[in-house]
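Input: a single structure, listed below in structure tokens.
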Amino acid sequence: MNDFFTVSIIIATLASGIRLAVPFLLAALGEAVGQRAGVLNLGVEGVMLIGAFAAYYTALESGSAAFGLLVGLAVGAIMGLIYAFITVVMHAEQGISGIGIYLFGLGFTDLLFQKLVGTPKPISGLQARPFEWLADDTGRVGELLLNHTVLTYVAFLLVPVVYFLITKTTFGLNVRAVGENPQAADTLGVNVNRIRTAAIIIGNTMAGLAGATLALEIGIFQQNLTAGRGFIAIALVYFGAWRPVGVMTGSLLFGIVSSTVLQLQVQDVFSGSVVPIANMAPAVLTVIVLVVVSRRIGQPAALTRPFTRDS
Amino acid sequence: MSGADIGRLLRPFAGLVVPIGAVIAALAVGAILLGIFGANPLTGYRELFTGAFGGPDELAATALKSTPLMLVGVGICIAFRAGVINIGGEGQIIMGAILATLVALAIPDIPRPLLVPLVMIAGGVGGGIWGAIPGALKAYSGVNEILSTIMMNIIAGFFLSFLLEDWLIEPGAIRIQQTKRLSHNADLPLLPGGTRLHLGIVVALIVAILGYLLLFRSSLGMRLRAVGHNPHASRSAGMKVELSITQALAFSGACAGIAGAVLVFGSESHRLIGEGGPLAFTQSAGFNGIVTALFGGLHPLFTVLSSYLFGGMLAGGISLQRAVQVPQALVIALNGVVVVFVVGSLKLRSRIQRWAEGDIQMEDRA
């Protein structure tokens, strides 16, 4: 028990929390963009799985993790296009069609994995650590912040990027307009469907990236690799009140809770039957968070409402 | 013959266009996938069909696979009709199975005619509680039920593995996450006919009929549907909307919980098994039940039929895998496609219906 409270272990736990936060952060940032445009995408989990498998398989076959990452991104974008067609053009109920996307992703990636790979084969993931050379000289701070892989920095860099995109650009203004009042936006000449489609594609591309990051970080694929992370990411959008910084805070919280549970397992504080109880922590935390935030924060007014001119 | 005449002829079938279209579309996607994997789609589908409906044993196997889908599906009908989206079937199945197992472990020696109904009821109670929690959270705190039910699934999955890791694990056995063989008095008896079909299917049919009576022949069901249709108007009319939402998810969870009990006491091993993860125990029925309910038009009795059809896909998927070496995970993927097509074509459906009723020209002119 005492071992847990040494500074170096706390630093290591926090650093691994930052690492574990990355898939949550990427997926939730993307989902936030889509929801700001008024589209709920419950298929994040499925898109993450598809992105993860695409990245894993490409990296396995080509030997290039970077190429795998690109394919994961591209597959996410394609899924975005499909989801945009389903929800924007066909006006499908967004909650249920997202579950359809999830089931498709779950079954499809399992199918492809069994058929194309069979037995789990490890890949060498994206291990480049751009600031590693600085980490040794900067002590604890370096250990905490400078010893991460490229994708971690990319993910956190996307927080200000998405913030800028939503709040400071014309596109972002249009995204918010079609999410709050599509009829008014339409009257002012904004192409509601085009803006929503773009937002969905951004969101799904980031979900694909989140899945790819997960696979390349773990270096393996298996059935249901994401294990509910995509769904937690959606909850984090609510937690973060649809704002990039809030989403980042939530992702870090979840990453650190997960890494703490892992660390306590490694330290044998949690063992045997306590492990599954500890593993419930993120899900229980999500429910509590939802209870706390649900009445406090208003969601985008037109969330889940398909746009039609005649209503 | 004018368009309106054709429309009048087709009117009774307009409601069928969407589900049939969705299946054809899903089968087309499946055929493409089979083709990509170098399997002949026709051979594949023939094997799927024979494996599902080819003889008495196949028909019985299909009925076995469809039992949990029917139970969960009926529950989904109740929830969705009340405007509550229950994605928590998986967790509700697990909690139902756990409570039913605990009852069978606590009172193993009471006679079968008492114990079998008791474990089924226990399943319903376990699943019902697990549904009522997100129901109450939605009704009284405004928590999005889609997210909370998904989290309840994850929590139930870990709870199952917690119980089987230690408390309920078979004493003295190798460390596999499963209970000992449960009381013989709780076994679901086999139905006559020499197949493996057991009483579970009868339980599912009874629940479907009760679900139908609840939704369409009771004042409680009327209130649930009114709340689903228009919560604001229902509130103005003096209905307790919060209570209705909680009730809807509780009933919905109870149906799934009974499925959990059937999965335990109708299984060949007569144990609660957590090995291989929660999805292995539930057979994904919590999700697939959503598919069958949507496909059955959210009507409990049609859900029975559609569940049998999808049970056939699951049973036939095994033959498909054996014959053309394409994993049966294909069936899960196709279920996702069916969901997307069914909900994606609702706009189309209303257009078809209006066309069938001869209104569409008027709308076009307007």
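Ordered as shown in the structure tokens, chains take letters A, B, and onward, while each chain numbers its residues from 1 and ligands are numbered from 1 in the order shown.
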Define the interface residues of chain A facing chain B as those within 6 Å, counting only C-alpha atoms, and report them as a ChimeraX atom specification. /A:86,90,92,97,100-101,103-104,107-108,111,273,276,280,283,287,290-291,294
Output file for the residues above (N, CA and C atoms, as a PDB file, in the first residue's frame):
```
ATOM      1  N   ILE A  86     -27.021   8.778 -43.822  1.00  0.00           N
ATOM      2  CA  ILE A  86     -28.097   8.171 -43.033  1.00  0.00           C
ATOM      3  C   ILE A  86     -28.886   9.241 -42.261  1.00  0.00           C
ATOM      4  N   MET A  90     -31.280  10.990 -45.033  1.00  0.00           N
ATOM      5  CA  MET A  90     -32.426  10.100 -44.808  1.00  0.00           C
ATOM      6  C   MET A  90     -33.180  10.407 -43.514  1.00  0.00           C
ATOM      7  N   ALA A  92     -32.627   9.656 -40.436  1.00  0.00           N
ATOM      8  CA  ALA A  92     -32.803   8.524 -39.520  1.00  0.00           C
ATOM      9  C   ALA A  92     -32.712   8.999 -38.076  1.00  0.00           C
ATOM     10  N   SER A  97     -29.808   4.738 -35.110  1.00  0.00           N
ATOM     11  CA  SER A  97     -28.923   4.428 -36.236  1.00  0.00           C
ATOM     12  C   SER A  97     -27.478   4.347 -35.763  1.00  0.00           C
ATOM     13  N   GLY A 100     -26.897   0.969 -34.726  1.00  0.00           N
ATOM     14  CA  GLY A 100     -26.690   0.148 -35.926  1.00  0.00           C
ATOM     15  C   GLY A 100     -25.241   0.216 -36.391  1.00  0.00           C
ATOM     16  N   ILE A 101     -24.681   1.421 -36.409  1.00  0.00           N
ATOM     17  CA  ILE A 101     -23.275   1.592 -36.803  1.00  0.00           C
ATOM     18  C   ILE A 101     -22.373   0.832 -35.831  1.00  0.00           C
ATOM     19  N   LEU A 103     -23.148  -1.877 -33.992  1.00  0.00           N
ATOM     20  CA  LEU A 103     -23.250  -3.314 -34.243  1.00  0.00           C
ATOM     21  C   LEU A 103     -22.479  -3.699 -35.500  1.00  0.00           C
ATOM     22  N   PHE A 104     -22.605  -2.853 -36.530  1.00  0.00           N
ATOM     23  CA  PHE A 104     -21.891  -3.136 -37.769  1.00  0.00           C
ATOM     24  C   PHE A 104     -20.382  -3.155 -37.515  1.00  0.00           C
ATOM     25  N   GLY A 107     -19.373  -6.321 -35.396  1.00  0.00           N
ATOM     26  CA  GLY A 107     -19.385  -7.574 -36.149  1.00  0.00           C
ATOM     27  C   GLY A 107     -18.387  -7.575 -37.287  1.00  0.00           C
ATOM     28  N   PHE A 108     -18.318  -6.450 -37.995  1.00  0.00           N
ATOM     29  CA  PHE A 108     -17.491  -6.360 -39.192  1.00  0.00           C
ATOM     30  C   PHE A 108     -16.006  -6.498 -38.852  1.00  0.00           C
ATOM     31  N   LEU A 111     -15.272 -10.026 -37.816  1.00  0.00           N
ATOM     32  CA  LEU A 111     -15.263 -10.844 -39.031  1.00  0.00           C
ATOM     33  C   LEU A 111     -13.931 -10.708 -39.768  1.00  0.00           C
ATOM     34  N   SER A 273     -10.869 -10.743  -6.808  1.00  0.00           N
ATOM     35  CA  SER A 273     -12.208 -10.304  -7.186  1.00  0.00           C
ATOM     36  C   SER A 273     -12.376  -8.797  -7.077  1.00  0.00           C
ATOM     37  N   PRO A 276     -12.322  -6.598 -10.866  1.00  0.00           N
ATOM     38  CA  PRO A 276     -13.491  -6.187 -11.659  1.00  0.00           C
ATOM     39  C   PRO A 276     -14.250  -5.023 -11.021  1.00  0.00           C
ATOM     40  N   MET A 280     -14.942  -1.162 -12.736  1.00  0.00           N
ATOM     41  CA  MET A 280     -16.229  -0.485 -12.931  1.00  0.00           C
ATOM     42  C   MET A 280     -16.081   1.028 -12.819  1.00  0.00           C
ATOM     43  N   ALA A 283     -17.136   3.558 -15.562  1.00  0.00           N
ATOM     44  CA  ALA A 283     -18.561   3.541 -15.900  1.00  0.00           C
ATOM     45  C   ALA A 283     -19.398   4.170 -14.787  1.00  0.00           C
ATOM     46  N   VAL A 287     -21.796   7.642 -14.938  1.00  0.00           N
ATOM     47  CA  VAL A 287     -23.185   7.809 -14.516  1.00  0.00           C
ATOM     48  C   VAL A 287     -23.295   8.990 -13.538  1.00  0.00           C
ATOM     49  N   LEU A 290     -22.968  12.216 -15.346  1.00  0.00           N
ATOM     50  CA  LEU A 290     -24.175  12.535 -16.114  1.00  0.00           C
ATOM     51  C   LEU A 290     -25.260  13.097 -15.194  1.00  0.00           C
ATOM     52  N   VAL A 291     -25.370  12.513 -14.000  1.00  0.00           N
ATOM     53  CA  VAL A 291     -26.377  13.005 -13.054  1.00  0.00           C
ATOM     54  C   VAL A 291     -26.061  14.455 -12.678  1.00  0.00           C
ATOM     55  N   SER A 294     -26.432  16.874 -15.935  1.00  0.00           N
ATOM     56  CA  SER A 294     -27.581  16.827 -16.840  1.00  0.00           C
ATOM     57  C   SER A 294     -28.522  18.017 -16.706  1.00  0.00           C
TER      58      SER A 294
END
```
Hey, what's within 7 Å of Pro244 of chain A if we count only C-alpha atoms and toss same-chain stuff fewer than 2 positions away? As a ChimeraX atom specification, please? /A:29,159,162-163,242,246-248
Mind checking which residues fall within 12 Å of segment 167-169 of chain A, counting only C-alpha atoms, ignoring those fewer than 6 positions away in the same chain, and posting them as a PDB file with N, CA and C atoms, in the first residue's frame?
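What landed in selection.pdb:
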```
ATOM      1  N   VAL A  33     -17.759  18.286 -31.997  1.00  0.00           N
ATOM      2  CA  VAL A  33     -17.970  19.068 -33.223  1.00  0.00           C
ATOM      3  C   VAL A  33     -19.304  18.681 -33.860  1.00  0.00           C
ATOM      4  N   ARG A  36     -22.231  19.926 -31.776  1.00  0.00           N
ATOM      5  CA  ARG A  36     -22.430  21.377 -31.903  1.00  0.00           C
ATOM      6  C   ARG A  36     -23.213  21.704 -33.164  1.00  0.00           C
ATOM      7  N   PRO A 160      -6.802  23.111 -28.709  1.00  0.00           N
ATOM      8  CA  PRO A 160      -6.906  24.505 -29.175  1.00  0.00           C
ATOM      9  C   PRO A 160      -7.339  24.608 -30.628  1.00  0.00           C
ATOM     10  N   VAL A 161      -6.950  23.618 -31.449  1.00  0.00           N
ATOM     11  CA  VAL A 161      -7.351  23.670 -32.858  1.00  0.00           C
ATOM     12  C   VAL A 161      -8.870  23.623 -32.981  1.00  0.00           C
ATOM     13  N   VAL A 175     -21.445  26.077 -37.849  1.00  0.00           N
ATOM     14  CA  VAL A 175     -21.691  24.830 -37.114  1.00  0.00           C
ATOM     15  C   VAL A 175     -22.597  25.116 -35.925  1.00  0.00           C
ATOM     16  N   ARG A 176     -22.256  26.157 -35.169  1.00  0.00           N
ATOM     17  CA  ARG A 176     -23.061  26.473 -33.988  1.00  0.00           C
ATOM     18  C   ARG A 176     -24.466  26.919 -34.389  1.00  0.00           C
ATOM     19  N   ALA A 177     -24.535  27.662 -35.493  1.00  0.00           N
ATOM     20  CA  ALA A 177     -25.846  28.147 -35.946  1.00  0.00           C
ATOM     21  C   ALA A 177     -26.761  26.983 -36.319  1.00  0.00           C
ATOM     22  N   TRP A 242     -19.830  20.462 -24.165  1.00  0.00           N
ATOM     23  CA  TRP A 242     -19.643  20.727 -25.585  1.00  0.00           C
ATOM     24  C   TRP A 242     -18.476  21.677 -25.857  1.00  0.00           C
ATOM     25  N   ARG A 243     -17.581  21.854 -24.866  1.00  0.00           N
ATOM     26  CA  ARG A 243     -16.438  22.748 -25.058  1.00  0.00           C
ATOM     27  C   ARG A 243     -15.145  21.948 -25.029  1.00  0.00           C
ATOM     28  N   PRO A 244     -14.226  22.263 -25.965  1.00  0.00           N
ATOM     29  CA  PRO A 244     -12.995  21.468 -26.073  1.00  0.00           C
ATOM     30  C   PRO A 244     -12.226  21.363 -24.756  1.00  0.00           C
TER      31      PRO A 244
END
```
Give me every helix (DSSP H, G or I) residue in segment 91-150 of chain A, going by DSSP on the backbone, as a PyMOL selection string. chain A and resi 94-117+132-145+150
Expressed in Å to a single decimal, how great is the separation between atom CA of Ser350 of chain B and atom CA of Pro19 of chain B?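 Those two atoms sit 13.2 Å apart.
The space between atom CA of Gly228 of chain B and atom CA of Glu242 of chain B spans 11.6 Å.
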Please indicate the distance in Å from atom CA of Val289 of chain A to atom CA of Gly240 of chain A, rounded to one decimal place. 10.1 Å
For segment 256-272 of chain A, please output as a list of chain:residue names all residues within 8 Å (counting only C-alpha atoms; exclusion window: fewer than 5 positions along the same chain).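 In the requested format, the answer is A:Met1, A:Asp3, A:Phe4, A:Thr13, A:Leu14, A:Ser16, A:Gly17, A:Ile18, A:Leu20, A:Ala21, A:Ala278, A:Asn279, A:Ala281, A:Pro282, B:Glu165, B:Asp166.
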Which residue of A:Asn204, A:Asn191, A:Thr226, A:Gln114 approaches Glu31 of chain A most closely, using only C-alpha atoms: A:Asn204
Contacts of segment 81-129 of chain A with segment 150-157 of chain A up to 9 Å, shortest pair per row, only C-alpha atoms, as a Markdown table:
```
| residue | atom | partner | partner_atom | distance |
| --- | --- | --- | --- | --- |
| A:Leu126 | CA | A:Val150 | CA | 7.8 |
| A:Gln127 | CA | A:Val150 | CA | 7.8 |
| A:Ala128 | CA | A:Val150 | CA | 6.2 |
| A:Arg129 | CA | A:Val150 | CA | 5.9 |
```
Keeping only C-alpha atoms, write the selected residues to a file as a compact mmCIF listing (two decimals), in the first residue's frame.
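Output contents, as saved in selection.txt:
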```txt
# COMPACT_ATOMS: atom_id res chain seq x y z
CA LEU A 126 3.95 4.32 -33.27
CA GLN A 127 6.63 4.55 -30.64
CA ALA A 128 8.43 7.75 -31.66
CA ARG A 129 8.81 10.03 -28.65
```
List as a PDB file with all heavy atoms, in the first residue's frame the protein and nucleic acid residues near Leu305 of chain B, meaning an atom at most 10 Å away when only C-alpha atoms are counted, but skip any in the same chain fewer than 5 places from it.
```
ATOM      1  N   SER B  66     -33.729 -17.839 -30.803  1.00  0.00           N
ATOM      2  CA  SER B  66     -34.623 -16.689 -30.881  1.00  0.00           C
ATOM      3  C   SER B  66     -35.255 -16.346 -29.532  1.00  0.00           C
ATOM      4  O   SER B  66     -35.750 -15.233 -29.347  1.00  0.00           O
ATOM      5  CB  SER B  66     -35.722 -16.937 -31.928  1.00  0.00           C
ATOM      6  OG  SER B  66     -36.536 -17.997 -31.513  1.00  0.00           O
ATOM      7  N   MET B  70     -36.612 -12.682 -28.456  1.00  0.00           N
ATOM      8  CA  MET B  70     -38.031 -12.363 -28.252  1.00  0.00           C
ATOM      9  C   MET B  70     -38.209 -11.603 -26.944  1.00  0.00           C
ATOM     10  O   MET B  70     -38.876 -10.573 -26.897  1.00  0.00           O
ATOM     11  CB  MET B  70     -38.867 -13.642 -28.185  1.00  0.00           C
ATOM     12  CG  MET B  70     -39.052 -14.321 -29.515  1.00  0.00           C
ATOM     13  SD  MET B  70     -39.980 -15.857 -29.298  1.00  0.00           S
ATOM     14  CE  MET B  70     -39.622 -16.643 -30.871  1.00  0.00           C
ATOM     15  N   THR B 292     -34.591  -6.873 -33.572  1.00  0.00           N
ATOM     16  CA  THR B 292     -35.827  -7.606 -33.853  1.00  0.00           C
ATOM     17  C   THR B 292     -37.056  -6.763 -33.508  1.00  0.00           C
ATOM     18  O   THR B 292     -38.066  -6.842 -34.196  1.00  0.00           O
ATOM     19  CB  THR B 292     -35.892  -8.942 -33.087  1.00  0.00           C
ATOM     20  OG1 THR B 292     -35.959  -8.680 -31.683  1.00  0.00           O
ATOM     21  CG2 THR B 292     -34.686  -9.802 -33.376  1.00  0.00           C
ATOM     22  N   ALA B 293     -36.949  -5.941 -32.450  1.00  0.00           N
ATOM     23  CA  ALA B 293     -38.096  -5.106 -32.083  1.00  0.00           C
ATOM     24  C   ALA B 293     -38.365  -4.057 -33.158  1.00  0.00           C
ATOM     25  O   ALA B 293     -39.511  -3.820 -33.548  1.00  0.00           O
ATOM     26  CB  ALA B 293     -37.862  -4.438 -30.733  1.00  0.00           C
ATOM     27  N   PHE B 295     -37.533  -4.280 -36.226  1.00  0.00           N
ATOM     28  CA  PHE B 295     -37.971  -5.004 -37.408  1.00  0.00           C
ATOM     29  C   PHE B 295     -39.426  -5.435 -37.261  1.00  0.00           C
ATOM     30  O   PHE B 295     -40.167  -5.499 -38.235  1.00  0.00           O
ATOM     31  CB  PHE B 295     -37.063  -6.220 -37.601  1.00  0.00           C
ATOM     32  CG  PHE B 295     -37.148  -6.799 -38.959  1.00  0.00           C
ATOM     33  CD1 PHE B 295     -36.567  -6.142 -40.032  1.00  0.00           C
ATOM     34  CD2 PHE B 295     -37.809  -7.987 -39.176  1.00  0.00           C
ATOM     35  CE1 PHE B 295     -36.655  -6.664 -41.301  1.00  0.00           C
ATOM     36  CE2 PHE B 295     -37.895  -8.520 -40.448  1.00  0.00           C
ATOM     37  CZ  PHE B 295     -37.314  -7.860 -41.514  1.00  0.00           C
ATOM     38  N   GLY B 296     -39.817  -5.717 -36.038  1.00  0.00           N
ATOM     39  CA  GLY B 296     -41.210  -6.103 -35.778  1.00  0.00           C
ATOM     40  C   GLY B 296     -42.117  -4.896 -35.588  1.00  0.00           C
ATOM     41  O   GLY B 296     -43.221  -5.031 -35.061  1.00  0.00           O
ATOM     42  N   PRO B 300     -45.174  -6.231 -29.925  1.00  0.00           N
ATOM     43  CA  PRO B 300     -44.668  -7.457 -29.291  1.00  0.00           C
ATOM     44  C   PRO B 300     -44.911  -8.725 -30.107  1.00  0.00           C
ATOM     45  O   PRO B 300     -44.039  -9.587 -30.181  1.00  0.00           O
ATOM     46  CB  PRO B 300     -45.422  -7.501 -27.963  1.00  0.00           C
ATOM     47  CG  PRO B 300     -45.723  -6.080 -27.664  1.00  0.00           C
ATOM     48  CD  PRO B 300     -45.967  -5.417 -28.987  1.00  0.00           C
ATOM     49  N   PHE B 310     -34.575 -13.709 -37.048  1.00  0.00           N
ATOM     50  CA  PHE B 310     -33.187 -13.372 -36.728  1.00  0.00           C
ATOM     51  C   PHE B 310     -32.508 -14.498 -35.953  1.00  0.00           C
ATOM     52  O   PHE B 310     -31.306 -14.698 -36.076  1.00  0.00           O
ATOM     53  CB  PHE B 310     -33.123 -12.051 -35.961  1.00  0.00           C
ATOM     54  CG  PHE B 310     -33.241 -10.861 -36.857  1.00  0.00           C
ATOM     55  CD1 PHE B 310     -34.472 -10.313 -37.161  1.00  0.00           C
ATOM     56  CD2 PHE B 310     -32.113 -10.313 -37.435  1.00  0.00           C
ATOM     57  CE1 PHE B 310     -34.595  -9.243 -38.014  1.00  0.00           C
ATOM     58  CE2 PHE B 310     -32.226  -9.226 -38.296  1.00  0.00           C
ATOM     59  CZ  PHE B 310     -33.465  -8.695 -38.582  1.00  0.00           C
ATOM     60  N   GLY B 311     -33.294 -15.233 -35.155  1.00  0.00           N
ATOM     61  CA  GLY B 311     -32.746 -16.433 -34.519  1.00  0.00           C
ATOM     62  C   GLY B 311     -32.253 -17.401 -35.592  1.00  0.00           C
ATOM     63  O   GLY B 311     -31.205 -18.039 -35.442  1.00  0.00           O
TER      64      GLY B 311
END
```
Just the residues within 8 Å of Leu144 of chain A, please, counting only C-alpha atoms, with nothing from its chain fewer than 3 positions along; format it as a ChimeraX atom specification. /A:11-12,14-15,140-141,147
Given the choices A:Ala215, A:Ile234, A:Leu60, A:Ala37, which gets closest to Gly172 of chain A if the distance is worked out from only C-alpha atoms?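 Ranked by minimum distance to Gly172 of chain A, first place goes to A:Ala37.
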Tell me, counting only C-alpha atoms, for each residue of segment 37-110 of chain B within 10 Å of segment 181-205 of chain B, which pair of atoms is nearest and how far apart they are in Å to one decimal, in rows ordered by chain and increasing number, as CSV.
```
residue,atom,partner,partner_atom,distance
B:Pro56,CA,B:Thr195,CA,7.6
B:Asp57,CA,B:Thr195,CA,6.0
B:Glu58,CA,B:Thr195,CA,9.3
B:Leu59,CA,B:Leu197,CA,9.4
B:Ala60,CA,B:Leu197,CA,5.6
B:Ala61,CA,B:Leu197,CA,7.2
B:Thr62,CA,B:Leu197,CA,9.4
B:Ala63,CA,B:Ile201,CA,6.9
B:Leu64,CA,B:Leu197,CA,6.3
B:Lys65,CA,B:Ile201,CA,9.6
B:Ser66,CA,B:Ile201,CA,8.2
B:Thr67,CA,B:Ile201,CA,5.4
B:Pro68,CA,B:Ala204,CA,7.7
B:Leu69,CA,B:Ala204,CA,9.0
B:Met70,CA,B:Ala204,CA,6.2
B:Leu71,CA,B:Ala204,CA,5.5
B:Val72,CA,B:Ala204,CA,9.3
B:Val74,CA,B:Ala204,CA,8.9
B:Ala100,CA,B:Ala186,CA,9.6
B:Thr101,CA,B:Leu182,CA,7.6
B:Leu102,CA,B:Leu182,CA,9.7
B:Val103,CA,B:Ala186,CA,9.7
B:Ala104,CA,B:Ser183,CA,6.3
B:Leu105,CA,B:Leu182,CA,6.8
B:Ala106,CA,B:Ser183,CA,9.9
B:Ile107,CA,B:Ser183,CA,8.7
B:Pro108,CA,B:Ser183,CA,5.2
B:Asp109,CA,B:Asn185,CA,7.0
B:Ile110,CA,B:Asn185,CA,7.3
```
Nearest to Arg309 of chain A: which of A:Gly98, A:Gly139, A:Pro182, A:Gly38 is it, counting only C-alpha atoms?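 Closest residue, counting only C-alpha atoms: A:Pro182.
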